[in-house]
>>> print(open('input22.csv').read())   # CSV, C-alpha atoms
chain,number,residue,atom,x,y,z
O,1,MET,CA,-72.8,-61.6,142.8
O,2,ILE,CA,-73.2,-64.2,145.6
O,3,THR,CA,-76.2,-66.4,146.0
O,4,LEU,CA,-77.0,-67.0,149.6
O,5,ASN,CA,-79.7,-69.3,150.9
O,6,VAL,CA,-80.6,-68.3,154.5
O,7,ASN,CA,-83.5,-69.9,156.3
O,8,GLY,CA,-85.0,-71.1,153.1
O,9,GLU,CA,-84.9,-67.7,151.3
O,10,THR,CA,-82.5,-67.0,148.4
O,11,HIS,CA,-80.6,-63.7,148.3
O,12,GLU,CA,-78.5,-62.4,145.5
O,13,LEU,CA,-75.9,-60.1,147.1
O,14,ASN,CA,-73.1,-58.0,145.7
O,15,LEU,CA,-70.4,-58.7,148.2
O,16,ASP,CA,-66.7,-59.3,148.7
O,17,PRO,CA,-66.5,-63.1,149.0
O,18,LYS,CA,-64.0,-62.7,151.8
O,19,MET,CA,-66.5,-60.8,154.0
O,20,PRO,CA,-67.4,-62.8,157.2
O,21,LEU,CA,-70.8,-64.5,156.9
O,22,LEU,CA,-71.8,-62.9,160.2
O,23,TRP,CA,-71.5,-59.4,158.7
O,24,VAL,CA,-73.9,-60.4,155.9
O,25,ILE,CA,-76.4,-62.1,158.2
O,26,ARG,CA,-76.6,-59.2,160.7
O,27,ASP,CA,-76.0,-56.1,158.6
O,28,ARG,CA,-77.3,-57.0,155.1
O,29,LEU,CA,-80.1,-59.4,156.0
O,30,ASN,CA,-80.9,-57.8,159.4
O,31,LEU,CA,-81.1,-61.2,161.1
O,32,THR,CA,-79.7,-60.0,164.5
O,33,GLY,CA,-80.4,-63.1,166.5
O,34,THR,CA,-76.9,-64.3,165.7
O,35,LYS,CA,-74.4,-62.4,167.8
O,36,PHE,CA,-70.9,-60.9,167.4
O,37,GLY,CA,-68.8,-61.9,170.4
O,38,CYS,CA,-65.1,-62.1,169.8
O,39,GLY,CA,-64.8,-62.1,166.0
O,40,HIS,CA,-62.1,-64.8,166.2
O,41,ALA,CA,-64.0,-68.1,166.4
O,42,MET,CA,-63.2,-68.3,170.1
O,43,CYS,CA,-66.5,-67.7,171.9
O,44,GLY,CA,-69.3,-69.3,169.8
O,45,ALA,CA,-71.9,-66.5,170.0
O,46,CYS,CA,-72.1,-66.4,166.2
O,47,VAL,CA,-72.8,-70.1,165.5
O,48,VAL,CA,-75.2,-70.8,162.6
O,49,HIS,CA,-75.7,-74.0,160.7
O,50,ILE,CA,-74.3,-74.5,157.2
O,51,ASP,CA,-75.7,-77.6,155.5
O,52,GLY,CA,-76.8,-78.8,159.0
O,53,GLN,CA,-73.4,-78.4,160.6
O,54,ALA,CA,-72.5,-75.8,163.2
O,55,ALA,CA,-70.3,-73.1,161.8
O,56,ARG,CA,-68.8,-69.9,163.3
O,57,SER,CA,-70.1,-67.2,161.0
O,58,CYS,CA,-67.5,-64.7,162.1
O,59,SER,CA,-64.8,-66.9,160.6
O,60,ILE,CA,-66.5,-68.5,157.6
O,61,MET,CA,-66.2,-66.3,154.6
O,62,VAL,CA,-69.4,-65.6,152.7
O,63,GLY,CA,-67.9,-66.9,149.5
O,64,GLU,CA,-67.5,-70.3,151.2
O,65,ALA,CA,-71.2,-70.3,152.3
O,66,ALA,CA,-72.5,-69.4,148.8
O,67,GLY,CA,-74.9,-72.0,147.5
O,68,LYS,CA,-75.2,-73.8,150.8
O,69,ASN,CA,-78.1,-73.9,153.1
O,70,ILE,CA,-77.6,-71.5,156.0
O,71,THR,CA,-79.8,-71.6,159.1
O,72,THR,CA,-79.8,-69.0,161.8
O,73,ILE,CA,-81.5,-69.0,165.2
O,74,GLU,CA,-84.5,-67.3,163.5
O,75,GLY,CA,-85.0,-70.1,161.1
O,76,VAL,CA,-84.1,-73.2,163.0
O,77,SER,CA,-86.8,-75.9,163.0
O,78,GLY,CA,-87.4,-79.7,163.3
O,79,LYS,CA,-87.7,-82.2,166.2
O,80,VAL,CA,-84.3,-81.6,167.7
O,81,ALA,CA,-84.6,-77.9,167.6
O,82,ALA,CA,-88.1,-78.1,169.2
O,83,ALA,CA,-86.8,-80.4,172.0
O,84,VAL,CA,-83.8,-78.1,172.7
O,85,THR,CA,-85.8,-74.8,172.7
O,86,THR,CA,-88.5,-76.4,174.9
O,87,ALA,CA,-85.9,-77.6,177.4
O,88,TRP,CA,-84.2,-74.3,177.4
O,89,GLN,CA,-87.4,-72.5,178.3
O,90,ARG,CA,-88.6,-75.0,180.8
O,91,LEU,CA,-85.3,-74.9,182.7
O,92,ASP,CA,-84.9,-71.1,182.3
O,93,VAL,CA,-81.4,-71.6,181.0
O,94,VAL,CA,-80.9,-68.1,179.8
O,95,GLN,CA,-79.5,-65.4,182.1
O,96,CYS,CA,-78.4,-62.3,180.0
O,97,GLY,CA,-79.0,-64.2,176.8
O,98,TYR,CA,-76.3,-62.8,174.7
O,99,CYS,CA,-74.5,-66.2,174.0
O,100,GLN,CA,-77.7,-68.3,174.0
O,101,SER,CA,-78.5,-68.3,170.3
O,102,GLY,CA,-75.0,-69.8,169.7
O,103,GLN,CA,-75.4,-72.2,172.6
O,104,ILE,CA,-78.7,-73.5,171.1
O,105,MET,CA,-77.4,-73.8,167.6
O,106,SER,CA,-74.4,-75.9,168.9
O,107,ALA,CA,-76.7,-78.0,171.2
O,108,ILE,CA,-78.9,-78.8,168.2
O,109,THR,CA,-75.8,-80.0,166.2
O,110,LEU,CA,-74.6,-82.0,169.2
O,111,LEU,CA,-77.9,-83.8,169.6
O,112,THR,CA,-78.4,-84.4,165.9
O,113,GLY,CA,-75.1,-86.4,165.9
O,114,ASN,CA,-75.4,-87.9,169.3
O,115,LYS,CA,-78.8,-88.9,170.6
O,116,ASN,CA,-77.7,-89.7,174.1
O,117,PRO,CA,-74.7,-87.6,175.1
O,118,THR,CA,-72.9,-88.1,178.3
O,119,ASP,CA,-71.6,-85.2,180.4
O,120,ASP,CA,-68.2,-85.6,178.8
O,121,ASP,CA,-69.8,-85.6,175.3
O,122,ILE,CA,-71.6,-82.4,176.1
O,123,ASP,CA,-68.5,-80.8,177.5
O,124,ALA,CA,-66.5,-81.7,174.4
O,125,GLY,CA,-69.2,-80.7,172.0
O,126,MET,CA,-70.1,-77.4,173.6
O,127,GLU,CA,-66.6,-76.5,174.7
O,128,GLY,CA,-66.3,-73.6,172.4
O,129,ASN,CA,-69.5,-71.8,173.5
O,130,ILE,CA,-68.6,-69.5,176.3
O,131,CYS,CA,-71.2,-68.1,178.7
O,132,ARG,CA,-70.1,-65.2,180.8
O,133,CYS,CA,-73.1,-65.6,183.1
O,134,GLY,CA,-71.9,-69.2,183.8
O,135,THR,CA,-75.1,-71.0,182.8
O,136,TYR,CA,-73.2,-74.1,181.9
O,137,VAL,CA,-74.9,-76.3,184.5
O,138,ARG,CA,-78.3,-75.4,183.2
O,139,ILE,CA,-77.2,-75.8,179.6
O,140,ARG,CA,-75.9,-79.3,180.3
O,141,ARG,CA,-79.2,-80.2,182.1
O,142,ALA,CA,-81.3,-78.9,179.3
O,143,ILE,CA,-79.3,-80.9,176.7
O,144,HIS,CA,-79.9,-84.1,178.8
O,145,GLU,CA,-83.6,-83.2,179.0
O,146,ALA,CA,-83.9,-82.6,175.3
O,147,ALA,CA,-82.2,-85.9,174.6
O,148,LYS,CA,-84.8,-87.7,176.8
O,149,ALA,CA,-87.6,-85.9,174.9
O,150,LEU,CA,-86.2,-87.2,171.6
O,151,VAL,CA,-86.2,-90.9,172.6
D,1,MET,CA,14.2,-123.8,128.9
D,2,LEU,CA,12.5,-121.4,126.6
D,3,ASN,CA,9.2,-123.1,127.3
D,4,GLY,CA,10.0,-122.8,131.0
D,5,GLN,CA,11.0,-119.1,130.7
D,6,SER,CA,7.9,-118.5,128.7
D,7,ARG,CA,5.7,-120.2,131.3
D,8,THR,CA,7.4,-118.1,134.0
D,9,GLN,CA,6.9,-114.9,132.1
D,10,ARG,CA,3.2,-115.8,131.4
D,11,ALA,CA,2.7,-116.7,135.1
D,12,ALA,CA,4.3,-113.4,136.1
D,13,PHE,CA,2.1,-111.5,133.6
D,14,LEU,CA,-1.0,-113.3,134.9
D,15,ALA,CA,-0.1,-112.5,138.4
D,16,VAL,CA,0.4,-108.9,137.7
D,17,SER,CA,-2.8,-108.8,135.7
D,18,PHE,CA,-4.7,-110.6,138.5
D,19,SER,CA,-3.3,-108.2,141.1
D,20,GLY,CA,-4.3,-105.3,138.9
D,21,ALA,CA,-7.8,-106.6,138.5
D,22,ILE,CA,-8.1,-107.0,142.2
D,23,LEU,CA,-6.7,-103.5,142.7
D,24,LEU,CA,-9.1,-102.1,140.1
D,25,ALA,CA,-12.0,-104.0,141.6
D,26,THR,CA,-11.0,-102.7,145.0
D,27,ILE,CA,-10.8,-99.1,143.8
D,28,GLY,CA,-14.1,-99.5,142.0
D,29,GLY,CA,-15.7,-100.9,145.1
D,30,THR,CA,-14.2,-98.2,147.3
D,31,GLN,CA,-15.6,-95.6,144.9
D,32,ARG,CA,-19.0,-97.2,145.0
D,33,ILE,CA,-19.0,-97.4,148.8
D,34,HIS,CA,-17.7,-93.8,148.9
D,35,ALA,CA,-20.5,-92.6,146.6
D,36,GLN,CA,-23.2,-94.4,148.5
D,37,SER,CA,-21.9,-93.1,151.9
D,38,THR,CA,-21.8,-89.5,150.5
D,39,THR,CA,-25.4,-89.8,149.4
D,40,GLN,CA,-26.4,-91.2,152.8
D,41,ALA,CA,-24.6,-88.3,154.4
D,42,GLU,CA,-26.4,-85.9,152.1
D,43,SER,CA,-29.7,-87.6,152.9
D,44,LEU,CA,-29.0,-87.2,156.6
D,45,ALA,CA,-28.0,-83.6,156.2
D,46,ALA,CA,-31.2,-83.0,154.1
D,47,LEU,CA,-33.3,-84.6,156.9
D,48,ASN,CA,-31.9,-82.3,159.5
D,49,LYS,CA,-33.1,-79.3,157.5
D,50,ILE,CA,-36.4,-81.0,156.7
D,51,VAL,CA,-37.0,-81.6,160.4
D,52,ALA,CA,-36.7,-77.8,161.0
D,53,VAL,CA,-39.9,-77.5,158.9
D,54,LEU,CA,-41.7,-80.6,160.4
D,55,GLN,CA,-41.1,-79.4,163.9
D,56,HIS,CA,-42.2,-75.9,163.2
D,57,PRO,CA,-45.4,-74.8,164.9
D,58,ARG,CA,-47.2,-74.6,161.5
D,59,CYS,CA,-46.8,-78.4,161.1
D,60,MET,CA,-46.3,-79.6,164.7
D,61,ASN,CA,-49.4,-77.8,166.2
D,62,CYS,CA,-51.7,-80.4,164.6
D,63,HIS,CA,-49.4,-83.4,165.0
D,64,GLN,CA,-50.6,-83.8,168.6
D,65,VAL,CA,-52.1,-86.4,170.8
D,66,GLU,CA,-55.7,-85.3,171.5
D,67,SER,CA,-55.9,-81.5,171.0
D,68,PRO,CA,-54.1,-79.1,168.7
D,69,LEU,CA,-51.9,-76.3,169.7
D,70,GLN,CA,-52.3,-72.8,168.4
D,71,GLY,CA,-50.0,-69.9,167.2
D,72,ASP,CA,-46.3,-69.4,167.2
D,73,SER,CA,-46.3,-69.8,171.0
D,74,ARG,CA,-47.7,-73.3,170.7
D,75,ARG,CA,-50.3,-72.7,173.4
D,76,LEU,CA,-53.4,-75.0,173.6
D,77,HIS,CA,-56.0,-74.2,170.9
D,78,ILE,CA,-58.7,-71.8,171.9
D,79,PRO,CA,-61.5,-72.9,171.9
D,80,HIS,CA,-60.5,-76.3,173.2
D,81,VAL,CA,-61.1,-79.0,170.7
D,82,VAL,CA,-60.6,-82.7,170.8
D,83,ARG,CA,-59.7,-85.3,168.1
D,84,GLY,CA,-62.9,-87.3,167.9
D,85,THR,CA,-63.2,-90.6,166.0
D,86,ASP,CA,-62.3,-89.2,162.6
D,87,ASN,CA,-59.6,-86.7,163.6
D,88,HIS,CA,-61.9,-83.8,162.7
D,89,GLY,CA,-63.3,-83.0,166.1
D,90,VAL,CA,-66.7,-83.7,167.7
D,91,GLY,CA,-70.2,-82.2,167.7
D,92,ALA,CA,-70.3,-78.5,167.2
D,93,MET,CA,-66.5,-78.4,167.6
D,94,ARG,CA,-65.3,-79.8,164.2
D,95,CYS,CA,-62.3,-78.2,162.5
D,96,GLY,CA,-64.2,-77.2,159.4
D,97,ASN,CA,-66.8,-75.3,161.5
D,98,CYS,CA,-64.3,-72.4,161.6
D,99,HIS,CA,-61.4,-73.3,159.2
D,100,ASN,CA,-62.4,-72.2,155.7
D,101,GLY,CA,-61.9,-74.4,152.7
D,102,ILE,CA,-61.0,-71.5,150.5
D,103,GLY,CA,-58.1,-70.0,152.5
D,104,ASN,CA,-57.1,-67.8,155.4
D,105,ASN,CA,-59.8,-65.5,156.8
D,106,GLU,CA,-57.9,-62.2,157.3
D,107,THR,CA,-60.8,-60.7,159.2
D,108,SER,CA,-61.0,-63.2,162.0
D,109,ARG,CA,-57.5,-64.4,161.3
D,110,THR,CA,-58.8,-68.0,161.3
D,111,PRO,CA,-56.5,-70.0,159.1
D,112,GLY,CA,-57.8,-72.0,156.2
D,113,ALA,CA,-56.3,-74.0,153.3
D,114,GLY,CA,-57.9,-74.2,149.9
D,115,GLY,CA,-58.3,-77.5,148.1
D,116,LYS,CA,-60.8,-79.8,146.6
D,117,ARG,CA,-61.0,-82.2,149.5
D,118,LYS,CA,-64.0,-81.4,151.7
D,119,ASP,CA,-63.4,-80.8,155.4
D,120,LEU,CA,-59.6,-80.4,154.8
D,121,TRP,CA,-58.6,-79.1,158.2
D,122,GLN,CA,-57.9,-81.8,160.8
D,123,LEU,CA,-55.6,-83.2,163.4
D,124,ALA,CA,-52.9,-85.5,161.9
D,125,PRO,CA,-53.8,-89.2,162.6
D,126,LEU,CA,-52.3,-90.6,165.8
D,127,SER,CA,-49.9,-92.7,163.8
D,128,MET,CA,-48.3,-89.4,162.7
D,129,LEU,CA,-47.9,-88.1,166.3
D,130,TRP,CA,-44.7,-86.1,166.2
D,131,GLN,CA,-44.8,-84.2,169.5
D,132,GLY,CA,-42.3,-85.3,172.1
D,133,ILE,CA,-40.3,-87.7,169.9
D,134,SER,CA,-36.7,-87.5,168.8
D,135,VAL,CA,-35.5,-86.5,165.3
D,136,GLY,CA,-34.6,-90.1,164.7
D,137,ASP,CA,-38.0,-91.4,165.7
D,138,LEU,CA,-39.8,-88.6,163.7
D,139,CYS,CA,-37.7,-89.7,160.7
D,140,ARG,CA,-38.6,-93.4,161.1
D,141,SER,CA,-42.2,-92.5,161.6
D,142,LEU,CA,-42.1,-90.3,158.4
D,143,LYS,CA,-40.8,-93.1,156.2
D,144,ASP,CA,-42.8,-96.0,157.7
D,145,PRO,CA,-45.7,-96.8,155.3
D,146,VAL,CA,-47.6,-98.3,158.3
D,147,ARG,CA,-47.6,-95.0,160.0
D,148,ASN,CA,-47.3,-92.4,157.2
D,149,GLY,CA,-50.5,-93.2,155.3
D,150,LYS,CA,-49.0,-96.0,153.1
D,151,ARG,CA,-46.7,-93.5,151.4
D,152,SER,CA,-43.6,-94.4,149.5
D,153,GLY,CA,-40.6,-92.0,149.3
D,154,GLU,CA,-42.0,-90.7,146.0
D,155,ASP,CA,-45.5,-90.4,147.6
D,156,LEU,CA,-44.0,-88.3,150.4
D,157,ILE,CA,-42.3,-86.0,147.9
D,158,GLU,CA,-45.7,-85.6,146.1
D,159,HIS,CA,-47.5,-85.0,149.4
D,160,MET,CA,-45.0,-82.3,150.4
D,161,THR,CA,-45.2,-80.8,146.9
D,162,SER,CA,-49.0,-80.5,146.4
D,163,GLU,CA,-51.0,-81.2,149.6
D,164,PRO,CA,-53.0,-78.0,150.4
D,165,LEU,CA,-52.6,-78.5,154.1
D,166,VAL,CA,-48.8,-78.8,153.7
D,167,LEU,CA,-48.7,-75.8,151.4
D,168,TRP,CA,-50.6,-73.7,154.0
D,169,GLY,CA,-47.4,-73.8,156.1
D,170,TRP,CA,-45.9,-71.4,153.5
D,171,ASN,CA,-49.0,-69.2,153.5
D,172,PRO,CA,-50.3,-69.2,157.0
D,173,GLY,CA,-51.9,-65.7,157.0
D,174,SER,CA,-51.1,-62.7,159.0
D,175,GLY,CA,-50.0,-63.1,162.6
D,176,ARG,CA,-48.4,-66.5,162.0
D,177,GLU,CA,-44.8,-67.2,161.0
D,178,PRO,CA,-44.4,-69.3,157.9
D,179,VAL,CA,-42.1,-72.4,158.0
D,180,PRO,CA,-38.4,-71.5,157.7
D,181,ILE,CA,-37.3,-72.9,154.3
D,182,PRO,CA,-38.7,-71.8,150.9
D,183,HIS,CA,-41.0,-74.4,149.5
D,184,ASP,CA,-39.0,-75.3,146.3
D,185,GLU,CA,-35.9,-75.7,148.4
D,186,PHE,CA,-37.8,-77.9,150.9
D,187,VAL,CA,-39.0,-80.1,148.0
D,188,LYS,CA,-35.4,-80.4,146.8
D,189,LEU,CA,-34.3,-81.5,150.3
D,190,MET,CA,-37.1,-84.1,150.3
D,191,ARG,CA,-35.7,-85.4,146.9
D,192,VAL,CA,-32.2,-85.6,148.3
D,193,TRP,CA,-33.4,-87.4,151.5
D,194,VAL,CA,-35.4,-90.0,149.5
D,195,ALA,CA,-32.6,-90.5,146.9
D,196,GLY,CA,-30.1,-91.1,149.6
D,197,GLY,CA,-32.3,-93.9,151.1
D,198,MET,CA,-34.3,-91.8,153.6
D,199,ALA,CA,-31.5,-91.9,156.1
D,200,CYS,CA,-32.4,-91.4,159.7
D,201,PRO,CA,-30.1,-90.7,162.7
D,202,GLN,CA,-29.8,-93.3,165.4
>>> encode(input="input22.csv", output="C-alpha cells")
Amino acid sequence: MITLNVNGETHELNLDPKMPLLWVIRDRLNLTGTKFGCGHAMCGACVVHIDGQAARSCSIMVGEAAGKNITTIEGVSGKVAAAVTTAWQRLDVVQCGYCQSGQIMSAITLLTGNKNPTDDDIDAGMEGNICRCGTYVRIRRAIHEAAKALV
Amino acid sequence: MLNGQSRTQRAAFLAVSFSGAILLATIGGTQRIHAQSTTQAESLAALNKIVAVLQHPRCMNCHQVESPLQGDSRRLHIPHVVRGTDNHGVGAMRCGNCHNGIGNNETSRTPGAGGKRKDLWQLAPLSMLWQGISVGDLCRSLKDPVRNGKRSGEDLIEHMTSEPLVLWGWNPGSGREPVPIPHDEFVKLMRVWVAGGMACPQ
C-alpha cells in the first residue's frame, strides 16, 4: 500500500512502487491536467511539483513520491502561481495547450527560485519544456511579466 | 712474522667479508629496487584497465564541462541541461527532477541510483573534468586531493567500492551498456594501483 499526498488530499493506493507517477495521477486519481508527451522525461508535458520542486511524473516512480507533497496543475496555488497564470492568460500564451500545464509548473519553479530571471535564465530553466506550437516567445514574455508582478 | 702473517690473513679476511657485505647489500638493494619497480609497473598496468572504466560513457558522460552527455553514443543530453551553481542543474531542470533516488526507471528508461544521499544524481564537479584530457592527466587528476574531493588512495578505493553513483555504472538499466570490467575486479585493480603508489603515465 502506498500513501500519496496529491493536492492536499491523502490517498492509500495498492500499486507497484515502480509505476510511473503520471500513470497514477491520470488513471487512478483522474487528474488529467498533467499530460503524457514522450514518456521519457524529454518533453516536460508531465511536470508536477514534488515537495515544491518540478519533477517529471513520467519518470519518477510512485514509490519515490510516496509520503511527499505532490502538486498538479489542478492544485497549484500561491502568489507565484497566481502571477504566472495571470500573465499566461493576459498574454494569451496558449495555442493548442497540450504542453502548457507542464510549462506553467516549470515556470512556477523557476520564479520561486529566481525572482528576476534573465532571458538566459529562462532559457536554461525552461529548456526541457517543448512546445510544438512554438509559443516560446510568449512564454518568455509571460515569465518576465509574472516576475514584475511579484516585485 | 707470525704476527705479520696473522695480520695479513685477518686483513684478507676482512677485505673478503667487506666485499661480501657490499655484494650482499648491493643484491639486497637491487632486489628492493626491482620489487618496487615491479609494483609500479603493476600499478601502471592496473591504471590502464581502470581508465577503460573511467572513460566509459557510464562515467564520462557526467564528467563534462557544462552539460552532460547521454547514452552509449555520447550525444548531448536530451533535454538540454546545464551545470548550475551546485552541479545539480537550474530551475525546473535539476537532475533529481527526473533521475530517481531509488534506482532505474524501466518504464521511461530514465536512469537512477539508489542511496541515502538526497539529490544523488549530478554533474561531476569541474575539478573532476575528465573529458578531453590524456590518460596521464586523468590519472593525475584522480589522485590529486585538491581536485578529487580531498580523497586519499584509500578513500578512492572506498569511493569506487560503495558510492551509489559509481555502482550504477554496473547496473545502468536496459538500453545502456555497463562498464567493461566486473566490479570486484575493478576494486582489485584500484587496490593494486594505490599499493603501487598510484602510478601515472607521463
>>> interface_residues(input="input22.csv", of="chain D", to="chain O", cutoff="8 Å", atoms="only C-alpha atoms", output="JSON, numbers by chain")
{"D": [78, 79, 80, 81, 82, 90, 91, 92, 93, 96, 97, 98, 99, 100, 101, 102, 105, 107, 108, 109, 110]}
>>> write_last_selection(input="input22.csv", atoms="C-alpha atoms", output="JSON list (two decimals), keeping the file's coordinate frame")
[["chain", "number", "residue", "atom", "x", "y", "z"],
["D", 78, "ILE", "CA", -58.70, -71.80, 171.90],
["D", 79, "PRO", "CA", -61.50, -72.90, 171.90],
["D", 80, "HIS", "CA", -60.50, -76.30, 173.20],
["D", 81, "VAL", "CA", -61.10, -79.00, 170.70],
["D", 82, "VAL", "CA", -60.60, -82.70, 170.80],
["D", 90, "VAL", "CA", -66.70, -83.70, 167.70],
["D", 91, "GLY", "CA", -70.20, -82.20, 167.70],
["D", 92, "ALA", "CA", -70.30, -78.50, 167.20],
["D", 93, "MET", "CA", -66.50, -78.40, 167.60],
["D", 96, "GLY", "CA", -64.20, -77.20, 159.40],
["D", 97, "ASN", "CA", -66.80, -75.30, 161.50],
["D", 98, "CYS", "CA", -64.30, -72.40, 161.60],
["D", 99, "HIS", "CA", -61.40, -73.30, 159.20],
["D", 100, "ASN", "CA", -62.40, -72.20, 155.70],
["D", 101, "GLY", "CA", -61.90, -74.40, 152.70],
["D", 102, "ILE", "CA", -61.00, -71.50, 150.50],
["D", 105, "ASN", "CA", -59.80, -65.50, 156.80],
["D", 107, "THR", "CA", -60.80, -60.70, 159.20],
["D", 108, "SER", "CA", -61.00, -63.20, 162.00],
["D", 109, "ARG", "CA", -57.50, -64.40, 161.30],
["D", 110, "THR", "CA", -58.80, -68.00, 161.30]]
>>> residues_around(input="input22.csv", residues="range 84-97 of chain O", least_positions_apart="6", cutoff="12 Å", atoms="all atoms listed in the file", output="ChimeraX atom specification")
/O:33-35,45,73-74,76-78,103-112,130-150
>>> write_last_selection(input="input22.csv", atoms="C-alpha atoms", output="compact mmCIF listing (two decimals), keeping the file's coordinate frame")
# COMPACT_ATOMS: atom_id res chain seq x y z
CA GLY O 33 -80.40 -63.10 166.50
CA THR O 34 -76.90 -64.30 165.70
CA LYS O 35 -74.40 -62.40 167.80
CA ALA O 45 -71.90 -66.50 170.00
CA ILE O 73 -81.50 -69.00 165.20
CA GLU O 74 -84.50 -67.30 163.50
CA VAL O 76 -84.10 -73.20 163.00
CA SER O 77 -86.80 -75.90 163.00
CA GLY O 78 -87.40 -79.70 163.30
CA GLN O 103 -75.40 -72.20 172.60
CA ILE O 104 -78.70 -73.50 171.10
CA MET O 105 -77.40 -73.80 167.60
CA SER O 106 -74.40 -75.90 168.90
CA ALA O 107 -76.70 -78.00 171.20
CA ILE O 108 -78.90 -78.80 168.20
CA THR O 109 -75.80 -80.00 166.20
CA LEU O 110 -74.60 -82.00 169.20
CA LEU O 111 -77.90 -83.80 169.60
CA THR O 112 -78.40 -84.40 165.90
CA ILE O 130 -68.60 -69.50 176.30
CA CYS O 131 -71.20 -68.10 178.70
CA ARG O 132 -70.10 -65.20 180.80
CA CYS O 133 -73.10 -65.60 183.10
CA GLY O 134 -71.90 -69.20 183.80
CA THR O 135 -75.10 -71.00 182.80
CA TYR O 136 -73.20 -74.10 181.90
CA VAL O 137 -74.90 -76.30 184.50
CA ARG O 138 -78.30 -75.40 183.20
CA ILE O 139 -77.20 -75.80 179.60
CA ARG O 140 -75.90 -79.30 180.30
CA ARG O 141 -79.20 -80.20 182.10
CA ALA O 142 -81.30 -78.90 179.30
CA ILE O 143 -79.30 -80.90 176.70
CA HIS O 144 -79.90 -84.10 178.80
CA GLU O 145 -83.60 -83.20 179.00
CA ALA O 146 -83.90 -82.60 175.30
CA ALA O 147 -82.20 -85.90 174.60
CA LYS O 148 -84.80 -87.70 176.80
CA ALA O 149 -87.60 -85.90 174.90
CA LEU O 150 -86.20 -87.20 171.60
>>> atom_distance(input="input22.csv", atom1="CA of Asn171 in chain D", atom2="CA of Lys68 in chain O")
26.7 Å
>>> residues_around(input="input22.csv", residues="Asp72 in chain D", least_positions_apart="4", cutoff="8 Å", atoms="only C-alpha atoms", output="list of chain:residue names")
D:Pro57, D:Arg58, D:Arg176, D:Glu177
>>> closest_residue(input="input22.csv", among="D:Arg74, D:Thr39, D:Thr161, D:Val65", to="Asp184 in chain D", atoms="all atoms listed in the file")
D:Thr161
